[in-house]
$ cat structure_17.txt   # compact mmCIF, C-alpha atoms
# COMPACT_ATOMS: atom_id res chain seq x y z
CA MET A 1 0.00 0.00 0.00
CA GLU A 2 1.21 3.48 -0.88
CA ASN A 3 2.29 5.65 2.02
CA THR A 4 0.29 8.85 1.43
CA ALA A 5 2.17 10.67 4.18
CA THR A 6 5.44 10.56 2.24
CA THR A 7 4.10 10.64 -1.35
CA PRO A 8 4.46 14.13 -2.82
CA ARG A 9 1.29 15.66 -4.19
CA SER A 10 1.07 16.03 -7.97
CA PRO A 11 1.00 19.68 -9.07
CA ASP A 12 -2.35 21.24 -9.96
CA ARG A 13 -2.02 21.39 -13.75
CA TYR A 14 -4.96 23.75 -14.18
CA ALA A 15 -3.56 26.23 -11.66
CA GLU A 16 -0.21 26.09 -13.47
CA LEU A 17 -1.88 26.82 -16.80
CA ILE A 18 -3.77 29.80 -15.37
CA GLU A 19 -0.58 31.20 -13.86
CA GLN A 20 1.26 30.79 -17.17
CA ALA A 21 -1.65 32.42 -19.01
CA ARG A 22 -1.53 35.41 -16.67
CA LYS A 23 2.19 35.84 -17.33
CA VAL A 24 1.47 35.85 -21.07
CA LEU A 25 -1.29 38.43 -20.60
CA ASN A 26 0.81 40.71 -18.40
CA ASN A 27 3.46 40.87 -21.15
CA CYS A 28 1.06 41.00 -24.10
CA SER A 29 1.63 43.76 -26.65
CA ALA A 30 -1.05 45.00 -29.03
CA GLU A 31 0.57 42.97 -31.80
CA ASP A 32 0.77 39.85 -29.63
CA PHE A 33 -2.91 40.24 -28.81
CA ARG A 34 -3.90 40.36 -32.50
CA SER A 35 -2.05 37.11 -33.10
CA LEU A 36 -4.31 35.35 -30.59
CA LEU A 37 -7.45 36.03 -32.62
CA ASP A 38 -8.86 34.49 -35.77
CA ALA A 39 -11.61 35.43 -38.24
CA ARG A 40 -14.35 34.11 -35.96
CA ASP A 41 -13.25 36.45 -33.19
CA TRP A 42 -13.33 39.48 -35.50
CA ASP A 43 -16.84 38.44 -36.51
CA TYR A 44 -17.85 38.17 -32.86
CA LEU A 45 -16.66 41.73 -32.24
CA ARG A 46 -18.39 43.12 -35.34
CA LYS A 47 -21.70 41.57 -34.31
CA ALA A 48 -21.24 42.70 -30.71
CA PHE A 49 -20.67 46.33 -31.67
CA LEU A 50 -23.62 46.23 -34.07
CA THR A 51 -25.79 45.08 -31.16
CA MET A 52 -24.87 48.35 -29.44
CA SER A 53 -25.90 50.35 -32.54
CA ALA A 54 -22.27 51.39 -32.93
CA SER A 55 -20.72 52.46 -36.23
CA GLU A 56 -17.65 50.44 -35.26
CA GLY A 57 -15.62 49.36 -32.29
CA SER A 58 -12.04 48.83 -31.22
CA VAL A 59 -9.92 46.85 -28.81
CA TRP A 60 -7.21 48.93 -27.16
CA ILE A 61 -4.33 47.12 -25.47
CA ALA A 62 -2.18 48.74 -22.78
CA GLU A 63 1.56 48.79 -23.36
CA HIS A 64 2.81 49.86 -19.94
CA GLN A 65 6.46 50.45 -20.82
CA LYS A 66 5.38 53.15 -23.26
CA GLN A 67 2.46 54.29 -21.08
CA GLU A 68 0.15 53.97 -24.07
CA LEU A 69 -3.03 52.29 -25.19
CA VAL A 70 -2.65 50.91 -28.71
CA MET A 71 -5.56 50.19 -31.05
CA SER A 72 -5.04 46.48 -31.64
CA VAL A 73 -8.32 45.64 -33.41
CA ASN A 74 -10.85 47.81 -35.25
CA THR A 75 -14.07 46.71 -36.97
CA GLY A 76 -14.52 49.75 -39.22
CA PRO A 77 -13.70 50.40 -42.89
CA ASP A 78 -10.41 52.14 -42.02
CA ALA A 79 -9.10 49.32 -39.83
CA SER A 80 -5.94 48.76 -41.87
CA HIS A 81 -4.96 52.42 -41.40
CA LEU A 82 -5.64 52.38 -37.66
CA GLU A 83 -4.67 49.03 -36.17
CA LEU A 84 -1.29 49.10 -34.38
CA LYS A 85 -0.81 52.69 -35.56
CA VAL A 86 -3.15 54.76 -33.39
CA ARG A 87 -1.95 55.29 -29.84
CA HIS A 88 -3.29 57.20 -26.86
CA SER A 89 -1.63 58.14 -23.62
CA LEU A 90 -2.56 56.17 -20.53
CA ASN A 91 -2.95 59.52 -18.80
CA ASP A 92 -5.80 61.18 -20.70
CA GLY A 93 -8.85 60.49 -22.82
CA VAL A 94 -11.84 58.19 -22.50
CA MET A 95 -9.84 54.96 -22.81
CA ALA A 96 -7.33 56.02 -20.15
CA LYS A 97 -10.18 56.99 -17.80
CA VAL A 98 -11.91 53.62 -18.25
CA PHE A 99 -8.66 51.68 -17.93
CA LYS A 100 -7.66 53.37 -14.69
CA GLU A 101 -11.07 53.67 -13.04
CA ASP A 102 -12.26 50.16 -13.97
CA SER A 103 -15.69 51.38 -14.96
CA ILE A 104 -17.83 51.72 -18.08
CA TYR A 105 -17.96 55.20 -19.58
CA THR A 106 -20.70 56.45 -21.89
CA ASP A 107 -21.01 60.06 -22.99
CA ARG A 108 -24.24 61.96 -22.43
CA GLY A 109 -24.57 63.14 -26.00
CA MET A 110 -22.72 66.38 -25.49
CA VAL A 111 -21.30 68.21 -28.48
CA SER A 112 -17.86 68.20 -26.91
CA ASP A 113 -16.94 65.46 -24.45
CA LYS A 114 -14.18 66.63 -22.12
CA TYR A 115 -12.58 63.16 -22.09
CA LEU A 116 -12.63 62.67 -25.86
CA VAL A 117 -9.31 62.79 -27.73
CA HIS A 118 -9.91 63.88 -31.34
CA LYS A 119 -6.71 62.50 -32.89
CA VAL A 120 -8.43 59.77 -34.94
CA ASP A 121 -11.33 62.05 -35.91
CA ASP A 122 -8.93 64.68 -37.22
CA GLU A 123 -6.94 62.17 -39.25
CA LEU A 124 -10.02 60.55 -40.84
CA LYS A 125 -12.09 63.74 -41.18
CA GLN A 126 -14.94 62.36 -39.12
CA TYR A 127 -16.76 63.26 -35.91
CA THR A 128 -17.37 60.97 -32.94
CA HIS A 129 -21.00 61.66 -32.08
CA HIS A 130 -21.24 59.10 -29.25
CA ILE A 131 -18.68 56.97 -27.45
CA SER A 132 -18.79 54.23 -24.84
CA ALA A 133 -15.98 52.12 -23.43
CA CYS A 134 -15.57 49.17 -21.09
CA PRO A 135 -12.51 47.70 -19.32
CA LEU A 136 -11.14 44.49 -20.81
CA ASP A 137 -10.06 42.01 -18.13
CA VAL A 138 -8.97 38.44 -18.76
CA LEU A 139 -8.13 36.05 -15.90
CA GLY A 140 -7.92 39.00 -13.53
CA CYS A 141 -5.45 40.88 -15.74
CA ARG A 142 -6.35 44.35 -17.01
CA LEU A 143 -5.45 44.12 -20.70
CA GLY A 144 -7.00 47.28 -22.06
CA VAL A 145 -10.33 48.69 -23.16
CA LEU A 146 -13.19 47.84 -25.50
CA CYS A 147 -14.57 50.94 -27.19
CA ALA A 148 -17.72 51.50 -29.29
CA VAL A 149 -18.37 54.69 -31.27
CA GLN A 150 -21.11 56.26 -33.37
CA LEU A 151 -19.52 58.30 -36.13
CA VAL A 152 -20.45 61.04 -38.57
CA GLY A 153 -18.35 61.14 -41.74
CA ALA A 154 -18.31 60.48 -45.46
CA HIS A 155 -16.93 56.95 -45.08
CA ALA A 156 -18.29 56.12 -41.61
CA ASN A 157 -20.92 53.45 -41.11
CA ALA A 158 -23.98 55.29 -39.81
CA PRO A 159 -25.70 53.46 -36.93
CA LYS A 160 -29.32 52.34 -37.20
CA GLU A 161 -30.23 54.90 -34.54
CA TRP A 162 -28.27 57.59 -32.73
CA GLY A 163 -27.54 57.06 -29.08
CA PHE A 164 -26.70 53.77 -27.40
CA PRO A 165 -29.40 51.38 -26.13
CA LYS A 166 -30.74 51.86 -22.61
CA ASN A 167 -29.53 48.40 -21.66
CA LEU A 168 -25.95 49.17 -22.77
CA PRO A 169 -24.40 48.18 -19.39
CA GLU A 170 -25.94 44.71 -19.73
CA ILE A 171 -24.72 44.44 -23.33
CA TRP A 172 -21.22 45.47 -22.27
CA TYR A 173 -21.24 42.81 -19.56
CA LEU A 174 -22.14 40.09 -22.07
CA VAL A 175 -19.65 41.33 -24.67
CA GLN A 176 -16.81 41.70 -22.19
CA THR A 177 -17.32 38.33 -20.52
CA GLY A 178 -17.81 36.57 -23.87
CA PHE A 179 -14.74 38.11 -25.44
CA SER A 180 -12.65 37.49 -22.32
CA SER A 181 -13.59 33.81 -22.48
CA ILE A 182 -12.51 33.70 -26.13
CA VAL A 183 -9.11 35.24 -25.31
CA GLU A 184 -8.65 32.95 -22.30
CA ASP A 185 -9.40 29.91 -24.46
CA ARG A 186 -6.94 31.02 -27.15
CA ILE A 187 -4.11 31.53 -24.66
CA ILE A 188 -4.62 28.24 -22.83
CA ARG A 189 -4.85 26.33 -26.11
CA ASN A 190 -1.60 27.93 -27.26
CA LEU A 191 0.10 26.98 -24.00
CA LEU A 192 -1.10 23.39 -24.31
CA ASN A 193 -0.01 23.17 -27.94
CA ASN A 194 3.42 24.59 -27.12
CA ALA A 195 3.80 22.17 -24.22
CA GLY A 196 2.98 19.31 -26.59
CA ASN A 197 0.69 17.56 -24.12
CA LEU A 198 -2.73 17.80 -22.56
CA PRO A 199 -3.58 17.75 -18.87
CA ARG A 200 -4.70 14.39 -17.60
$ encode --input "structure_17.txt" --output "structure tokens"
Amino acid sequence: MENTATTPRSPDRYAELIEQARKVLNNCSAEDFRSLLDARDWDYLRKAFLTMSASEGSVWIAEHQKQELVMSVNTGPDASHLELKVRHSLNDGVMAKVFKEDSIYTDRGMVSDKYLVHKVDDELKQYTHHISACPLDVLGCRLGVLCAVQLVGAHANAPKEWGFPKNLPEIWYLVQTGFSSIVEDRIIRNLLNNAGNLPR
């Protein structure tokens, strides 16, 4: 019979995977984050932002060494000109506010929102009519911010109706938790594939 008093316990494989995943997340750049996603994930985000009556949406990833939020993913027609190119300081603007305060932000329809940074609007000759943003957390790690906008501009996708739905906080909760689960799954699968074995 095996002596359980002297037999070392086997390590908790799941706990190890989660810890490894958190290390990956804490060192994840905007470019690294993009590499985790596939076409299905982009489709999920497009549909999610449409549910909010948004013209388009973006995923901003924090790069702490540079103290910046970088637009990693965009669902609009100008995505190729924006992704990995547009950066905002972690010290001002809507995304910085949401990232630091860990709370959803939605404008009140004002002509000029004091937290809004107009860098992208100026470059694309458009106007952000409404904006809402939500923190993006995965496995307890603050990765960045999800942001939905309603835009006015020649090439912007006009929303079905102006102003976000009244149940926007509930929509954000579903979108954030769903997308976080997708990212978590991608990271853990990558770790398992790289390890070359599955947990027993």
$ residues_around --input "structure_17.txt" --residues "Gln20 (chain A)" --least-positions-apart "6" --cutoff "12 Å" --atoms "all atoms listed in the file" --output "list in words"
Arg13, Tyr14, Asn26, Asn27, Leu139, Glu184, Ile187, Ile188, Arg189, Asn190, Leu191, Leu192, Asn194 and Ala195 of chain A
$ closest_residue --input "structure_17.txt" --among "A:Glu170, A:Cys147, A:Val24, A:Arg142" --to "Leu36 (chain A)" --atoms "all atoms listed in the file"
A:Val24
$ residues_near_point --input "structure_17.txt" --point "(-11.5, 56.7, -21.7)" --cutoff "12 Å" --atoms "only C-alpha atoms" --output "VMD selection string"
chain A and resid 60 69 88 to 107 113 to 117 131 to 135 144 to 149
$ write_last_selection --input "structure_17.txt" --atoms "C-alpha atoms" --output "PDB file, in the frame of the given file"
ATOM      1  CA  TRP A  60      -7.210  48.930 -27.160  1.00  0.00           C
ATOM      2  CA  LEU A  69      -3.030  52.290 -25.190  1.00  0.00           C
ATOM      3  CA  HIS A  88      -3.290  57.200 -26.860  1.00  0.00           C
ATOM      4  CA  SER A  89      -1.630  58.140 -23.620  1.00  0.00           C
ATOM      5  CA  LEU A  90      -2.560  56.170 -20.530  1.00  0.00           C
ATOM      6  CA  ASN A  91      -2.950  59.520 -18.800  1.00  0.00           C
ATOM      7  CA  ASP A  92      -5.800  61.180 -20.700  1.00  0.00           C
ATOM      8  CA  GLY A  93      -8.850  60.490 -22.820  1.00  0.00           C
ATOM      9  CA  VAL A  94     -11.840  58.190 -22.500  1.00  0.00           C
ATOM     10  CA  MET A  95      -9.840  54.960 -22.810  1.00  0.00           C
ATOM     11  CA  ALA A  96      -7.330  56.020 -20.150  1.00  0.00           C
ATOM     12  CA  LYS A  97     -10.180  56.990 -17.800  1.00  0.00           C
ATOM     13  CA  VAL A  98     -11.910  53.620 -18.250  1.00  0.00           C
ATOM     14  CA  PHE A  99      -8.660  51.680 -17.930  1.00  0.00           C
ATOM     15  CA  LYS A 100      -7.660  53.370 -14.690  1.00  0.00           C
ATOM     16  CA  GLU A 101     -11.070  53.670 -13.040  1.00  0.00           C
ATOM     17  CA  ASP A 102     -12.260  50.160 -13.970  1.00  0.00           C
ATOM     18  CA  SER A 103     -15.690  51.380 -14.960  1.00  0.00           C
ATOM     19  CA  ILE A 104     -17.830  51.720 -18.080  1.00  0.00           C
ATOM     20  CA  TYR A 105     -17.960  55.200 -19.580  1.00  0.00           C
ATOM     21  CA  THR A 106     -20.700  56.450 -21.890  1.00  0.00           C
ATOM     22  CA  ASP A 107     -21.010  60.060 -22.990  1.00  0.00           C
ATOM     23  CA  ASP A 113     -16.940  65.460 -24.450  1.00  0.00           C
ATOM     24  CA  LYS A 114     -14.180  66.630 -22.120  1.00  0.00           C
ATOM     25  CA  TYR A 115     -12.580  63.160 -22.090  1.00  0.00           C
ATOM     26  CA  LEU A 116     -12.630  62.670 -25.860  1.00  0.00           C
ATOM     27  CA  VAL A 117      -9.310  62.790 -27.730  1.00  0.00           C
ATOM     28  CA  ILE A 131     -18.680  56.970 -27.450  1.00  0.00           C
ATOM     29  CA  SER A 132     -18.790  54.230 -24.840  1.00  0.00           C
ATOM     30  CA  ALA A 133     -15.980  52.120 -23.430  1.00  0.00           C
ATOM     31  CA  CYS A 134     -15.570  49.170 -21.090  1.00  0.00           C
ATOM     32  CA  PRO A 135     -12.510  47.700 -19.320  1.00  0.00           C
ATOM     33  CA  GLY A 144      -7.000  47.280 -22.060  1.00  0.00           C
ATOM     34  CA  VAL A 145     -10.330  48.690 -23.160  1.00  0.00           C
ATOM     35  CA  LEU A 146     -13.190  47.840 -25.500  1.00  0.00           C
ATOM     36  CA  CYS A 147     -14.570  50.940 -27.190  1.00  0.00           C
ATOM     37  CA  ALA A 148     -17.720  51.500 -29.290  1.00  0.00           C
ATOM     38  CA  VAL A 149     -18.370  54.690 -31.270  1.00  0.00           C
TER      39      VAL A 149
END
$ closest_residue --input "structure_17.txt" --among "A:Ser55, A:Ser72, A:Asn167, A:Gln176" --to "His129 (chain A)" --atoms "all atoms listed in the file"
A:Ser55
$ axis_aligned_box --input "structure_17.txt" --around "region 92-101 of chain A" --padding-each-side "4 Å" --output "lines of an AutoDock Vina configuration file"
center_x = -8.9
center_y = 56.4
center_z = -17.9
size_x = 14.1
size_y = 17.5
size_z = 17.8
$ atom_distance --input "structure_17.txt" --atom1 "CA of Val152 (chain A)" --atom2 "CA of Glu56 (chain A)"
11.5 Å
$ closest_residue --input "structure_17.txt" --among "A:Val59, A:Ser80, A:Phe164, A:Ser181" --to "Phe33 (chain A)" --atoms "all atoms listed in the file"
A:Val59
$ atom_distance --input "structure_17.txt" --atom1 "CA of Val183 (chain A)" --atom2 "CA of Pro159 (chain A)"
27.2 Å
$ residues_around --input "structure_17.txt" --residues "Ala30 (chain A)" --least-positions-apart "6" --cutoff "8 Å" --atoms "all atoms listed in the file" --output "PDB file with C-alpha atoms, in the coordinates of the input"
ATOM      1  CA  TRP A  60      -7.210  48.930 -27.160  1.00  0.00           C
ATOM      2  CA  ILE A  61      -4.330  47.120 -25.470  1.00  0.00           C
ATOM      3  CA  ALA A  62      -2.180  48.740 -22.780  1.00  0.00           C
ATOM      4  CA  GLU A  63       1.560  48.790 -23.360  1.00  0.00           C
ATOM      5  CA  VAL A  70      -2.650  50.910 -28.710  1.00  0.00           C
ATOM      6  CA  MET A  71      -5.560  50.190 -31.050  1.00  0.00           C
ATOM      7  CA  SER A  72      -5.040  46.480 -31.640  1.00  0.00           C
ATOM      8  CA  LEU A  84      -1.290  49.100 -34.380  1.00  0.00           C
TER       9      LEU A  84
END
